[in-house]
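Heads up: the structure comes next, in structure tokens.
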Amino acid sequence: MVKKIFSGVQPSGNLHLGNYLGAIKNFVDLQNQKNTECVYCIVDLHAITIKQEPKDLKKNIIETLATFVASGIDSKKSIIFNQSSVPAHAEGSWILSCVARMGWLNRMTQFKEKAGKDKEKASVGLYAYPVLMASDILLYDATHVPVGHDQKQHLELCRDIAQRFNSDFNAADFLKVPEPLIQKNFSRIMSLKDATKKMSKSDPSDLSRINLTDDRDLIISKIKKAKTDSKPMPSIDENLEKRPEAENLLGIYSSLSNQNLERSKKEFEGKNFSEFKRKLSDLLVDKISPISDEIKKLLNDKKYLDDILLEGSKKANEIAYKKIKEMKKLIGF
Ligand code: AMP
Ligand code: TRP
């Protein structure tokens, strides 16, 4: 059976190691597996749920695309496009917002976190955000959606919406109910400054994250400054629950070297943090610097990047237009 993969990343700047290990690295692995058809979307409509400077948004869309390509997403193998260039996403989102229930959306923890204390001032778009996400996924009959752990709840909502649409319109199996694909080992990369918070582009401290555009020296200095505790590296059977910094850094090491946590623990058991940090920096420089160099190179060739989006949008439009047409027919339009 062919696996149809769909995922999206917001063009909100500062793509970081968490985005890479939680999402983009997976996108590349899936693209290179047999029997997969992959669609990767730069979700610019999602980005405007929070106020964006038009000039910055434009720049961030191109930078996100450059990051995709530099990380190994190949426009010959995968469809890469930006959401606002395919009108069916917004149209589908409206239709599905008439299927989704307020009670379902009220449970979304990401909205609560992002809206903060003053919910009244959040945009309606921020509240309806997961419905647009469902539209993205369902228009492409996606069977699998690779995302970081923070998107699990939105995926569950998407499944509920699909099932509800199918039953409301007596169209069994019309919208495909997708499976989340969440990294088993390290689906949450935490801040380098506070391992109880996830690594995030919105953290005011740049030292809290490794950006995919950071150069070698910056990576080394950020790892040097990363928070640790005063004990030596943990032993194999030590429970890391109370040592979140050690767990996070070892997790990053494990993910980048494609080995499990146990093996990494064994490699560094009882050693000093400084020795481990040196190895971790080397590995990060080895994996991330080629990506950041390639991003810089690609950004000098805007025409090449624009052409990728144009071609991807054409292909995406064809698929999404067909699905929305059938959807409208079922509704009675
Ligand atoms: P966003 O930048 O919020 O659009 O996220 C893009 C993708 O990266 C989503 O699949 C997220 O789940 C994933 N992601 C973002 N931050 C992290 C993190 N700290 N750890 C793991 N995955 C993440
Ligand atoms: N909401 C996702 C995030 O913030 C991005 C996203 C939008 C997405 N549409 C999607 C992810 C569809 C997977 C599938 O990370």
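By convention here, the chains of the structure tokens are called A, B, ... in the order presented, each chain's residues are numbered starting at 1, and ligands are numbered starting at 1 in the order presented.
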Residues of chain A that approach ligand 1 to 7 Å or less, counting only C-alpha atoms and all ligand atoms: could you list each one with the shortest pair of atoms and its distance in Å to one decimal, rows by chain and increasing residue number, as JSON lines?
```
{"residue": "A:Gly8", "atom": "CA", "partner": "ligand 1", "partner_atom_place_in_ligand_line": "6 (C)", "distance": 6.7}
{"residue": "A:Val9", "atom": "CA", "partner": "ligand 1", "partner_atom_place_in_ligand_line": "4 (O)", "distance": 4.0}
{"residue": "A:Gln10", "atom": "CA", "partner": "ligand 1", "partner_atom_place_in_ligand_line": "4 (O)", "distance": 3.9}
{"residue": "A:Leu15", "atom": "CA", "partner": "ligand 1", "partner_atom_place_in_ligand_line": "2 (O)", "distance": 6.7}
{"residue": "A:Gly18", "atom": "CA", "partner": "ligand 1", "partner_atom_place_in_ligand_line": "18 (C)", "distance": 3.7}
{"residue": "A:Asn19", "atom": "CA", "partner": "ligand 1", "partner_atom_place_in_ligand_line": "8 (O)", "distance": 3.7}
{"residue": "A:Tyr20", "atom": "CA", "partner": "ligand 1", "partner_atom_place_in_ligand_line": "8 (O)", "distance": 6.8}
{"residue": "A:Leu21", "atom": "CA", "partner": "ligand 1", "partner_atom_place_in_ligand_line": "21 (C)", "distance": 6.2}
{"residue": "A:Gly22", "atom": "CA", "partner": "ligand 1", "partner_atom_place_in_ligand_line": "22 (N)", "distance": 3.5}
{"residue": "A:Ala23", "atom": "CA", "partner": "ligand 1", "partner_atom_place_in_ligand_line": "10 (O)", "distance": 4.8}
{"residue": "A:Pro146", "atom": "CA", "partner": "ligand 1", "partner_atom_place_in_ligand_line": "10 (O)", "distance": 6.7}
{"residue": "A:Val147", "atom": "CA", "partner": "ligand 1", "partner_atom_place_in_ligand_line": "10 (O)", "distance": 3.5}
{"residue": "A:Gly148", "atom": "CA", "partner": "ligand 1", "partner_atom_place_in_ligand_line": "12 (O)", "distance": 2.9}
{"residue": "A:His149", "atom": "CA", "partner": "ligand 1", "partner_atom_place_in_ligand_line": "12 (O)", "distance": 5.5}
{"residue": "A:Asp150", "atom": "CA", "partner": "ligand 1", "partner_atom_place_in_ligand_line": "12 (O)", "distance": 5.1}
{"residue": "A:Gln151", "atom": "CA", "partner": "ligand 1", "partner_atom_place_in_ligand_line": "12 (O)", "distance": 5.3}
{"residue": "A:Ser187", "atom": "CA", "partner": "ligand 1", "partner_atom_place_in_ligand_line": "21 (C)", "distance": 4.9}
{"residue": "A:Arg188", "atom": "CA", "partner": "ligand 1", "partner_atom_place_in_ligand_line": "20 (N)", "distance": 3.7}
{"residue": "A:Ile189", "atom": "CA", "partner": "ligand 1", "partner_atom_place_in_ligand_line": "20 (N)", "distance": 3.8}
{"residue": "A:Met190", "atom": "CA", "partner": "ligand 1", "partner_atom_place_in_ligand_line": "19 (N)", "distance": 5.4}
{"residue": "A:Lys198", "atom": "CA", "partner": "ligand 1", "partner_atom_place_in_ligand_line": "19 (N)", "distance": 4.5}
{"residue": "A:Met199", "atom": "CA", "partner": "ligand 1", "partner_atom_place_in_ligand_line": "19 (N)", "distance": 3.9}
{"residue": "A:Ser200", "atom": "CA", "partner": "ligand 1", "partner_atom_place_in_ligand_line": "16 (N)", "distance": 5.6}
```
Saved selection, atoms kept: N, CA, C and O atoms, as a PDB file, in the first residue's frame:
```pdb
ATOM      1  N   GLY A   8       3.192  19.951   7.589  1.00  0.00           N
ATOM      2  CA  GLY A   8       3.376  21.384   7.391  1.00  0.00           C
ATOM      3  C   GLY A   8       4.257  21.998   8.461  1.00  0.00           C
ATOM      4  O   GLY A   8       4.339  21.493   9.584  1.00  0.00           O
ATOM      5  N   VAL A   9       4.923  23.068   8.083  1.00  0.00           N
ATOM      6  CA  VAL A   9       5.737  23.831   9.036  1.00  0.00           C
ATOM      7  C   VAL A   9       5.401  25.302   8.837  1.00  0.00           C
ATOM      8  O   VAL A   9       5.275  25.776   7.706  1.00  0.00           O
ATOM      9  N   GLN A  10       5.273  26.022   9.947  1.00  0.00           N
ATOM     10  CA  GLN A  10       4.955  27.447   9.840  1.00  0.00           C
ATOM     11  C   GLN A  10       6.186  28.260   9.459  1.00  0.00           C
ATOM     12  O   GLN A  10       7.254  28.041  10.015  1.00  0.00           O
ATOM     13  N   LEU A  15      13.912  28.552  12.275  1.00  0.00           N
ATOM     14  CA  LEU A  15      13.734  27.096  12.370  1.00  0.00           C
ATOM     15  C   LEU A  15      14.925  26.537  13.146  1.00  0.00           C
ATOM     16  O   LEU A  15      16.057  26.959  12.960  1.00  0.00           O
ATOM     17  N   GLY A  18      14.820  21.580  17.175  1.00  0.00           N
ATOM     18  CA  GLY A  18      13.573  20.880  17.524  1.00  0.00           C
ATOM     19  C   GLY A  18      12.741  20.627  16.271  1.00  0.00           C
ATOM     20  O   GLY A  18      12.219  19.527  16.073  1.00  0.00           O
ATOM     21  N   ASN A  19      12.633  21.624  15.412  1.00  0.00           N
ATOM     22  CA  ASN A  19      11.906  21.445  14.155  1.00  0.00           C
ATOM     23  C   ASN A  19      12.593  20.376  13.300  1.00  0.00           C
ATOM     24  O   ASN A  19      11.937  19.564  12.654  1.00  0.00           O
ATOM     25  N   TYR A  20      13.924  20.416  13.323  1.00  0.00           N
ATOM     26  CA  TYR A  20      14.665  19.463  12.488  1.00  0.00           C
ATOM     27  C   TYR A  20      14.473  18.035  12.990  1.00  0.00           C
ATOM     28  O   TYR A  20      14.044  17.155  12.246  1.00  0.00           O
ATOM     29  N   LEU A  21      14.749  17.808  14.279  1.00  0.00           N
ATOM     30  CA  LEU A  21      14.682  16.431  14.801  1.00  0.00           C
ATOM     31  C   LEU A  21      13.241  15.956  14.968  1.00  0.00           C
ATOM     32  O   LEU A  21      12.937  14.787  14.782  1.00  0.00           O
ATOM     33  N   GLY A  22      12.332  16.895  15.328  1.00  0.00           N
ATOM     34  CA  GLY A  22      10.936  16.502  15.550  1.00  0.00           C
ATOM     35  C   GLY A  22      10.168  16.350  14.243  1.00  0.00           C
ATOM     36  O   GLY A  22       9.179  15.619  14.190  1.00  0.00           O
ATOM     37  N   ALA A  23      10.598  17.039  13.192  1.00  0.00           N
ATOM     38  CA  ALA A  23       9.785  17.031  11.977  1.00  0.00           C
ATOM     39  C   ALA A  23      10.603  16.839  10.697  1.00  0.00           C
ATOM     40  O   ALA A  23      10.495  15.809  10.024  1.00  0.00           O
ATOM     41  N   PRO A 146       3.560  13.089   9.748  1.00  0.00           N
ATOM     42  CA  PRO A 146       4.685  13.200  10.673  1.00  0.00           C
ATOM     43  C   PRO A 146       4.715  14.571  11.351  1.00  0.00           C
ATOM     44  O   PRO A 146       4.779  15.597  10.681  1.00  0.00           O
ATOM     45  N   VAL A 147       4.654  14.561  12.665  1.00  0.00           N
ATOM     46  CA  VAL A 147       4.685  15.816  13.431  1.00  0.00           C
ATOM     47  C   VAL A 147       5.407  15.600  14.753  1.00  0.00           C
ATOM     48  O   VAL A 147       5.635  14.463  15.168  1.00  0.00           O
ATOM     49  N   GLY A 148       5.747  16.697  15.403  1.00  0.00           N
ATOM     50  CA  GLY A 148       6.295  16.614  16.754  1.00  0.00           C
ATOM     51  C   GLY A 148       5.165  16.314  17.739  1.00  0.00           C
ATOM     52  O   GLY A 148       3.976  16.410  17.399  1.00  0.00           O
ATOM     53  N   HIS A 149       5.551  15.981  18.948  1.00  0.00           N
ATOM     54  CA  HIS A 149       4.595  15.555  19.962  1.00  0.00           C
ATOM     55  C   HIS A 149       3.514  16.614  20.228  1.00  0.00           C
ATOM     56  O   HIS A 149       2.351  16.294  20.483  1.00  0.00           O
ATOM     57  N   ASP A 150       3.896  17.892  20.118  1.00  0.00           N
ATOM     58  CA  ASP A 150       2.952  18.983  20.434  1.00  0.00           C
ATOM     59  C   ASP A 150       1.743  19.033  19.495  1.00  0.00           C
ATOM     60  O   ASP A 150       0.757  19.710  19.798  1.00  0.00           O
ATOM     61  N   GLN A 151       1.811  18.319  18.383  1.00  0.00           N
ATOM     62  CA  GLN A 151       0.695  18.379  17.422  1.00  0.00           C
ATOM     63  C   GLN A 151      -0.253  17.183  17.522  1.00  0.00           C
ATOM     64  O   GLN A 151      -1.193  17.057  16.744  1.00  0.00           O
ATOM     65  N   SER A 187      10.683  13.040  20.652  1.00  0.00           N
ATOM     66  CA  SER A 187       9.729  13.843  19.906  1.00  0.00           C
ATOM     67  C   SER A 187       9.672  15.261  20.477  1.00  0.00           C
ATOM     68  O   SER A 187       9.083  16.129  19.885  1.00  0.00           O
ATOM     69  N   ARG A 188      10.302  15.479  21.617  1.00  0.00           N
ATOM     70  CA  ARG A 188      10.308  16.820  22.218  1.00  0.00           C
ATOM     71  C   ARG A 188      11.735  17.218  22.550  1.00  0.00           C
ATOM     72  O   ARG A 188      12.351  16.651  23.442  1.00  0.00           O
ATOM     73  N   ILE A 189      12.244  18.174  21.809  1.00  0.00           N
ATOM     74  CA  ILE A 189      13.567  18.706  22.110  1.00  0.00           C
ATOM     75  C   ILE A 189      13.347  19.925  22.996  1.00  0.00           C
ATOM     76  O   ILE A 189      12.541  20.798  22.682  1.00  0.00           O
ATOM     77  N   MET A 190      14.045  19.961  24.131  1.00  0.00           N
ATOM     78  CA  MET A 190      13.778  21.008  25.109  1.00  0.00           C
ATOM     79  C   MET A 190      14.792  22.154  24.995  1.00  0.00           C
ATOM     80  O   MET A 190      15.836  22.017  24.354  1.00  0.00           O
ATOM     81  N   LYS A 198       9.846  23.484  26.014  1.00  0.00           N
ATOM     82  CA  LYS A 198      10.344  22.944  24.752  1.00  0.00           C
ATOM     83  C   LYS A 198      11.140  23.999  23.984  1.00  0.00           C
ATOM     84  O   LYS A 198      10.924  25.205  24.165  1.00  0.00           O
ATOM     85  N   MET A 199      12.080  23.529  23.185  1.00  0.00           N
ATOM     86  CA  MET A 199      12.847  24.440  22.339  1.00  0.00           C
ATOM     87  C   MET A 199      11.876  25.106  21.388  1.00  0.00           C
ATOM     88  O   MET A 199      11.084  24.422  20.740  1.00  0.00           O
ATOM     89  N   SER A 200      11.928  26.443  21.327  1.00  0.00           N
ATOM     90  CA  SER A 200      10.887  27.113  20.567  1.00  0.00           C
ATOM     91  C   SER A 200      11.420  28.358  19.872  1.00  0.00           C
ATOM     92  O   SER A 200      12.308  29.039  20.384  1.00  0.00           O
TER      93      SER A 200
END
```
Q: Please identify all polymer residues within 7 Å of range 286-288 of chain A, counting only C-alpha atoms, omitting same-chain residues fewer than 4 positions from it, and present them as a ChimeraX atom specification.
A: /A:212,282,292
Using N, CA and C atoms, can you export the residues from the last selection as a short mmCIF file (atom, residue, chain, number, x, y, z; two decimals), in the first residue's frame?
```cif
data_model
loop_
_atom_site.label_atom_id
_atom_site.label_comp_id
_atom_site.auth_asym_id
_atom_site.auth_seq_id
_atom_site.Cartn_x
_atom_site.Cartn_y
_atom_site.Cartn_z
N LEU A 212 18.88 26.44 12.71
CA LEU A 212 19.48 25.72 11.58
C LEU A 212 20.39 26.62 10.75
N ASP A 282 30.67 18.53 18.34
CA ASP A 282 31.23 17.98 17.09
C ASP A 282 30.13 17.40 16.21
N SER A 292 23.23 24.61 7.23
CA SER A 292 23.23 26.07 7.27
C SER A 292 24.03 26.65 6.09
#
```
Test item: residues no farther than 10 Å from ligand 2, counting only C-alpha atoms and all ligand atoms, as a VMD selection string
chain A and resid 5 to 12 19 22 to 23 39 to 47 83 89 110 129 to 138 142 144 to 152 154 to 155 158 180 to 181
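All residues within range 105-199 of chain A that the backbone DSSP calculation assigns to strand (DSSP E or B) are His144, Val145, Pro146, Glu179, Pro180, Leu181, Met190 and Lys198 of chain A.
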Deliver the residues from the most recent selection as a file, using N, CA and C atoms, as a PDB file, in the first residue's frame.
```pdb
ATOM      1  N   HIS A 144      -0.693   9.270   6.599  1.00  0.00           N
ATOM      2  CA  HIS A 144       0.232   9.441   7.722  1.00  0.00           C
ATOM      3  C   HIS A 144       0.723  10.881   7.805  1.00  0.00           C
ATOM      4  N   VAL A 145       0.783  11.392   9.034  1.00  0.00           N
ATOM      5  CA  VAL A 145       1.178  12.785   9.233  1.00  0.00           C
ATOM      6  C   VAL A 145       2.333  12.860  10.244  1.00  0.00           C
ATOM      7  N   PRO A 146       3.560  13.089   9.748  1.00  0.00           N
ATOM      8  CA  PRO A 146       4.685  13.200  10.673  1.00  0.00           C
ATOM      9  C   PRO A 146       4.715  14.571  11.351  1.00  0.00           C
ATOM     10  N   GLU A 179      -3.192   8.707  10.308  1.00  0.00           N
ATOM     11  CA  GLU A 179      -2.439   8.279  11.498  1.00  0.00           C
ATOM     12  C   GLU A 179      -1.330   9.288  11.777  1.00  0.00           C
ATOM     13  N   PRO A 180      -1.138   9.674  13.038  1.00  0.00           N
ATOM     14  CA  PRO A 180       0.033  10.509  13.342  1.00  0.00           C
ATOM     15  C   PRO A 180       1.305   9.666  13.287  1.00  0.00           C
ATOM     16  N   LEU A 181       2.393  10.268  12.870  1.00  0.00           N
ATOM     17  CA  LEU A 181       3.695   9.594  12.947  1.00  0.00           C
ATOM     18  C   LEU A 181       4.561  10.445  13.862  1.00  0.00           C
ATOM     19  N   MET A 190      14.045  19.961  24.131  1.00  0.00           N
ATOM     20  CA  MET A 190      13.778  21.008  25.109  1.00  0.00           C
ATOM     21  C   MET A 190      14.792  22.154  24.995  1.00  0.00           C
ATOM     22  N   LYS A 198       9.846  23.484  26.014  1.00  0.00           N
ATOM     23  CA  LYS A 198      10.344  22.944  24.752  1.00  0.00           C
ATOM     24  C   LYS A 198      11.140  23.999  23.984  1.00  0.00           C
TER      25      LYS A 198
END
```
Give me the residues within 9 Å of Ile223 in chain A as a PyMOL selection string, counting only C-alpha atoms and dropping any in the same chain fewer than 6 places off.
chain A and resi 192+207+210+277-278+280-281
**Message:** Which residues are near Ile236 in chain A? Cut-off 9 Å, only C-alpha atoms, ignore same chain within fewer than 5 positions. Put them as number ranges by chain.
**Reply:** A: 262-266, 269
| request: Write out as a PyMOL selection string each polymer residue whose atoms come within 7 Å of range 63-78 of chain A, counting only C-alpha atoms; drop sequence neighbours fewer than 2 positions from it. | output: chain A and resi 11+28+31+37-39+59-61+80+291+294-295+298-299+308
Atoms kept (all heavy atoms) for selection, written as a compact mmCIF listing (two decimals), in the first residue's frame:
```txt
# COMPACT_ATOMS: atom_id res chain seq x y z
N PRO A 11 6.01 29.22 8.55
CA PRO A 11 7.14 30.07 8.18
C PRO A 11 7.25 31.23 9.16
O PRO A 11 6.96 32.37 8.82
CB PRO A 11 6.74 30.57 6.79
CG PRO A 11 5.24 30.62 6.84
CD PRO A 11 4.80 29.51 7.77
N VAL A 28 12.38 13.87 5.47
CA VAL A 28 13.37 13.40 4.50
C VAL A 28 13.42 11.87 4.50
O VAL A 28 13.41 11.23 3.44
CB VAL A 28 14.77 13.98 4.82
CG1 VAL A 28 15.81 13.49 3.83
CG2 VAL A 28 14.72 15.50 4.84
N GLN A 31 10.39 10.53 2.69
CA GLN A 31 10.50 10.76 1.25
C GLN A 31 11.38 9.68 0.60
O GLN A 31 11.13 9.26 -0.52
CB GLN A 31 11.11 12.15 1.01
CG GLN A 31 11.65 12.36 -0.39
CD GLN A 31 12.58 13.56 -0.45
OE1 GLN A 31 12.14 14.66 -0.69
NE2 GLN A 31 13.87 13.35 -0.23
N GLU A 37 4.26 8.75 -0.95
CA GLU A 37 4.08 9.97 -1.74
C GLU A 37 3.99 11.10 -0.73
O GLU A 37 3.11 11.09 0.13
CB GLU A 37 2.76 9.90 -2.52
CG GLU A 37 2.80 8.91 -3.68
CD GLU A 37 1.41 8.73 -4.32
OE1 GLU A 37 0.49 9.52 -4.00
OE2 GLU A 37 1.27 7.77 -5.10
N CYS A 38 4.91 12.04 -0.82
CA CYS A 38 5.00 13.05 0.25
C CYS A 38 4.62 14.44 -0.24
O CYS A 38 5.02 14.87 -1.32
CB CYS A 38 6.42 13.10 0.79
SG CYS A 38 6.98 11.52 1.44
N VAL A 39 3.85 15.12 0.60
CA VAL A 39 3.48 16.52 0.34
C VAL A 39 3.89 17.33 1.56
O VAL A 39 3.45 17.05 2.67
CB VAL A 39 1.96 16.66 0.11
CG1 VAL A 39 1.60 18.10 -0.23
CG2 VAL A 39 1.47 15.72 -1.00
N LYS A 59 9.99 36.87 3.63
CA LYS A 59 11.35 36.37 3.82
C LYS A 59 11.33 34.98 4.51
O LYS A 59 12.06 34.07 4.12
CB LYS A 59 12.11 37.38 4.67
CG LYS A 59 13.54 37.06 4.93
CD LYS A 59 14.22 38.24 5.63
CE LYS A 59 15.18 37.78 6.69
NZ LYS A 59 14.69 37.59 8.03
N ASN A 60 10.45 34.84 5.49
CA ASN A 60 10.41 33.57 6.23
C ASN A 60 9.87 32.41 5.39
O ASN A 60 10.25 31.26 5.61
CB ASN A 60 9.56 33.74 7.50
CG ASN A 60 10.28 34.55 8.56
OD1 ASN A 60 11.51 34.61 8.55
ND2 ASN A 60 9.54 35.20 9.43
N ILE A 61 8.98 32.72 4.46
CA ILE A 61 8.48 31.66 3.58
C ILE A 61 9.64 31.11 2.74
O ILE A 61 9.84 29.89 2.66
CB ILE A 61 7.34 32.19 2.66
CG1 ILE A 61 6.10 32.52 3.50
CG2 ILE A 61 6.99 31.16 1.58
CD1 ILE A 61 5.00 33.27 2.76
N ILE A 80 6.40 20.25 -2.76
CA ILE A 80 6.67 21.30 -1.77
C ILE A 80 5.95 22.57 -2.22
O ILE A 80 6.12 23.00 -3.36
CB ILE A 80 8.18 21.64 -1.68
CG1 ILE A 80 9.03 20.37 -1.62
CG2 ILE A 80 8.46 22.53 -0.49
CD1 ILE A 80 10.54 20.65 -1.71
N ILE A 291 23.88 21.96 6.54
CA ILE A 291 22.54 22.49 6.24
C ILE A 291 22.59 24.01 6.23
O ILE A 291 22.08 24.65 5.30
CB ILE A 291 21.50 21.97 7.27
CG1 ILE A 291 21.40 20.44 7.21
CG2 ILE A 291 20.13 22.61 7.04
CD1 ILE A 291 20.45 19.82 8.21
N GLU A 294 24.23 25.29 3.14
CA GLU A 294 23.39 25.10 1.95
C GLU A 294 22.24 26.13 1.95
O GLU A 294 21.87 26.64 0.90
CB GLU A 294 22.86 23.66 1.95
CG GLU A 294 22.09 23.24 0.71
CD GLU A 294 22.89 23.24 -0.58
OE1 GLU A 294 24.15 23.24 -0.53
OE2 GLU A 294 22.26 23.28 -1.66
N ILE A 295 21.69 26.43 3.13
CA ILE A 295 20.62 27.44 3.19
C ILE A 295 21.14 28.76 2.64
O ILE A 295 20.51 29.40 1.80
CB ILE A 295 20.11 27.64 4.65
CG1 ILE A 295 19.42 26.37 5.15
CG2 ILE A 295 19.16 28.84 4.75
CD1 ILE A 295 18.98 26.42 6.62
N LEU A 298 21.45 28.60 -1.13
CA LEU A 298 20.14 28.60 -1.81
C LEU A 298 19.50 29.99 -1.79
O LEU A 298 18.85 30.39 -2.76
CB LEU A 298 19.20 27.60 -1.14
CG LEU A 298 19.48 26.12 -1.43
CD1 LEU A 298 18.76 25.24 -0.43
CD2 LEU A 298 19.05 25.77 -2.85
N LEU A 299 19.70 30.70 -0.68
CA LEU A 299 19.05 32.02 -0.58
C LEU A 299 19.62 33.03 -1.58
O LEU A 299 19.02 34.07 -1.82
CB LEU A 299 19.15 32.56 0.85
CG LEU A 299 18.24 31.83 1.85
CD1 LEU A 299 18.50 32.32 3.27
CD2 LEU A 299 16.76 32.02 1.50
N ILE A 308 10.55 26.29 -7.53
CA ILE A 308 10.13 25.10 -6.76
C ILE A 308 8.71 25.30 -6.23
O ILE A 308 7.84 24.42 -6.35
CB ILE A 308 11.10 24.84 -5.58
CG1 ILE A 308 12.44 24.36 -6.12
CG2 ILE A 308 10.51 23.81 -4.62
CD1 ILE A 308 13.46 24.04 -5.04
```
Among A:Ala195, A:Leu309, A:Ile50, A:Val124, Ile79 in chain A is approached most closely, using only C-alpha atoms, by A:Leu309
### Expected answer as a PyMOL selection string: alpha helix (DSSP H) residues in range 16-140 of chain A
chain A and resi 17-19+25-31+44-47+54-71+88-97+102-106+109-115+124-139
Write the residues of the preceding selection, restricted to C-alpha atoms, as a PDB file, in the first residue's frame.
```pdb
ATOM      1  CA  LEU A  17      16.984  21.816  16.056  1.00  0.00           C
ATOM      2  CA  GLY A  18      13.573  20.880  17.524  1.00  0.00           C
ATOM      3  CA  ASN A  19      11.906  21.445  14.155  1.00  0.00           C
ATOM      4  CA  LYS A  25      14.497  14.952   9.447  1.00  0.00           C
ATOM      5  CA  ASN A  26      11.501  12.623   9.449  1.00  0.00           C
ATOM      6  CA  PHE A  27      10.136  14.247   6.286  1.00  0.00           C
ATOM      7  CA  VAL A  28      13.372  13.401   4.495  1.00  0.00           C
ATOM      8  CA  ASP A  29      13.459   9.814   5.772  1.00  0.00           C
ATOM      9  CA  LEU A  30       9.860   9.243   4.662  1.00  0.00           C
ATOM     10  CA  GLN A  31      10.500  10.759   1.251  1.00  0.00           C
ATOM     11  CA  ASP A  44       1.677  30.578   5.704  1.00  0.00           C
ATOM     12  CA  LEU A  45      -2.070  30.832   6.422  1.00  0.00           C
ATOM     13  CA  HIS A  46      -1.373  29.382   9.858  1.00  0.00           C
ATOM     14  CA  ALA A  47       1.415  31.903  10.415  1.00  0.00           C
ATOM     15  CA  PRO A  54       4.456  41.417   5.594  1.00  0.00           C
ATOM     16  CA  LYS A  55       8.142  41.854   4.665  1.00  0.00           C
ATOM     17  CA  ASP A  56       9.255  39.350   7.294  1.00  0.00           C
ATOM     18  CA  LEU A  57       6.593  36.845   6.334  1.00  0.00           C
ATOM     19  CA  LYS A  58       7.755  36.851   2.742  1.00  0.00           C
ATOM     20  CA  LYS A  59      11.354  36.366   3.817  1.00  0.00           C
ATOM     21  CA  ASN A  60      10.408  33.573   6.233  1.00  0.00           C
ATOM     22  CA  ILE A  61       8.476  31.659   3.581  1.00  0.00           C
ATOM     23  CA  ILE A  62      11.540  31.576   1.346  1.00  0.00           C
ATOM     24  CA  GLU A  63      13.815  30.716   4.273  1.00  0.00           C
ATOM     25  CA  THR A  64      11.597  27.818   5.305  1.00  0.00           C
ATOM     26  CA  LEU A  65      11.661  26.536   1.755  1.00  0.00           C
ATOM     27  CA  ALA A  66      15.456  26.868   1.659  1.00  0.00           C
ATOM     28  CA  THR A  67      15.635  24.922   4.950  1.00  0.00           C
ATOM     29  CA  PHE A  68      13.465  22.128   3.536  1.00  0.00           C
ATOM     30  CA  VAL A  69      15.633  21.826   0.442  1.00  0.00           C
ATOM     31  CA  ALA A  70      18.923  22.163   2.347  1.00  0.00           C
ATOM     32  CA  SER A  71      17.798  19.402   4.736  1.00  0.00           C
ATOM     33  CA  ALA A  88      -8.867  24.905  -1.477  1.00  0.00           C
ATOM     34  CA  HIS A  89      -7.197  24.904   1.960  1.00  0.00           C
ATOM     35  CA  ALA A  90      -9.129  27.965   3.106  1.00  0.00           C
ATOM     36  CA  GLU A  91     -12.321  26.766   1.466  1.00  0.00           C
ATOM     37  CA  GLY A  92     -12.041  23.333   3.085  1.00  0.00           C
ATOM     38  CA  SER A  93     -11.333  24.965   6.397  1.00  0.00           C
ATOM     39  CA  TRP A  94     -14.641  26.846   6.278  1.00  0.00           C
ATOM     40  CA  ILE A  95     -16.597  23.723   5.403  1.00  0.00           C
ATOM     41  CA  LEU A  96     -14.914  21.719   8.162  1.00  0.00           C
ATOM     42  CA  SER A  97     -15.456  24.476  10.698  1.00  0.00           C
ATOM     43  CA  MET A 102     -16.968  24.223  19.760  1.00  0.00           C
ATOM     44  CA  GLY A 103     -16.533  21.688  22.551  1.00  0.00           C
ATOM     45  CA  TRP A 104     -13.811  19.899  20.584  1.00  0.00           C
ATOM     46  CA  LEU A 105     -11.875  23.089  19.927  1.00  0.00           C
ATOM     47  CA  ASN A 106     -12.264  24.266  23.511  1.00  0.00           C
ATOM     48  CA  THR A 109      -4.190  23.022  24.829  1.00  0.00           C
ATOM     49  CA  GLN A 110      -2.064  24.822  22.236  1.00  0.00           C
ATOM     50  CA  PHE A 111      -4.709  27.536  21.898  1.00  0.00           C
ATOM     51  CA  LYS A 112      -4.783  27.976  25.646  1.00  0.00           C
ATOM     52  CA  GLU A 113      -0.995  28.278  25.754  1.00  0.00           C
ATOM     53  CA  LYS A 114      -0.711  30.643  22.815  1.00  0.00           C
ATOM     54  CA  ALA A 115      -3.679  32.830  23.739  1.00  0.00           C
ATOM     55  CA  VAL A 124     -10.500  33.995  15.751  1.00  0.00           C
ATOM     56  CA  GLY A 125      -7.967  32.417  13.393  1.00  0.00           C
ATOM     57  CA  LEU A 126      -5.814  31.244  16.299  1.00  0.00           C
ATOM     58  CA  TYR A 127      -8.840  29.478  17.752  1.00  0.00           C
ATOM     59  CA  ALA A 128      -9.851  27.905  14.432  1.00  0.00           C
ATOM     60  CA  TYR A 129      -6.249  27.006  13.552  1.00  0.00           C
ATOM     61  CA  PRO A 130      -6.644  23.216  14.055  1.00  0.00           C
ATOM     62  CA  VAL A 131      -9.584  23.155  11.623  1.00  0.00           C
ATOM     63  CA  LEU A 132      -7.394  24.653   8.896  1.00  0.00           C
ATOM     64  CA  MET A 133      -4.814  22.028   9.767  1.00  0.00           C
ATOM     65  CA  ALA A 134      -7.454  19.311   9.315  1.00  0.00           C
ATOM     66  CA  SER A 135      -8.342  20.770   5.922  1.00  0.00           C
ATOM     67  CA  ASP A 136      -4.654  20.665   4.889  1.00  0.00           C
ATOM     68  CA  ILE A 137      -4.390  16.997   5.735  1.00  0.00           C
ATOM     69  CA  LEU A 138      -7.779  15.743   4.527  1.00  0.00           C
ATOM     70  CA  LEU A 139      -7.619  17.392   1.087  1.00  0.00           C
TER      71      LEU A 139
END
```
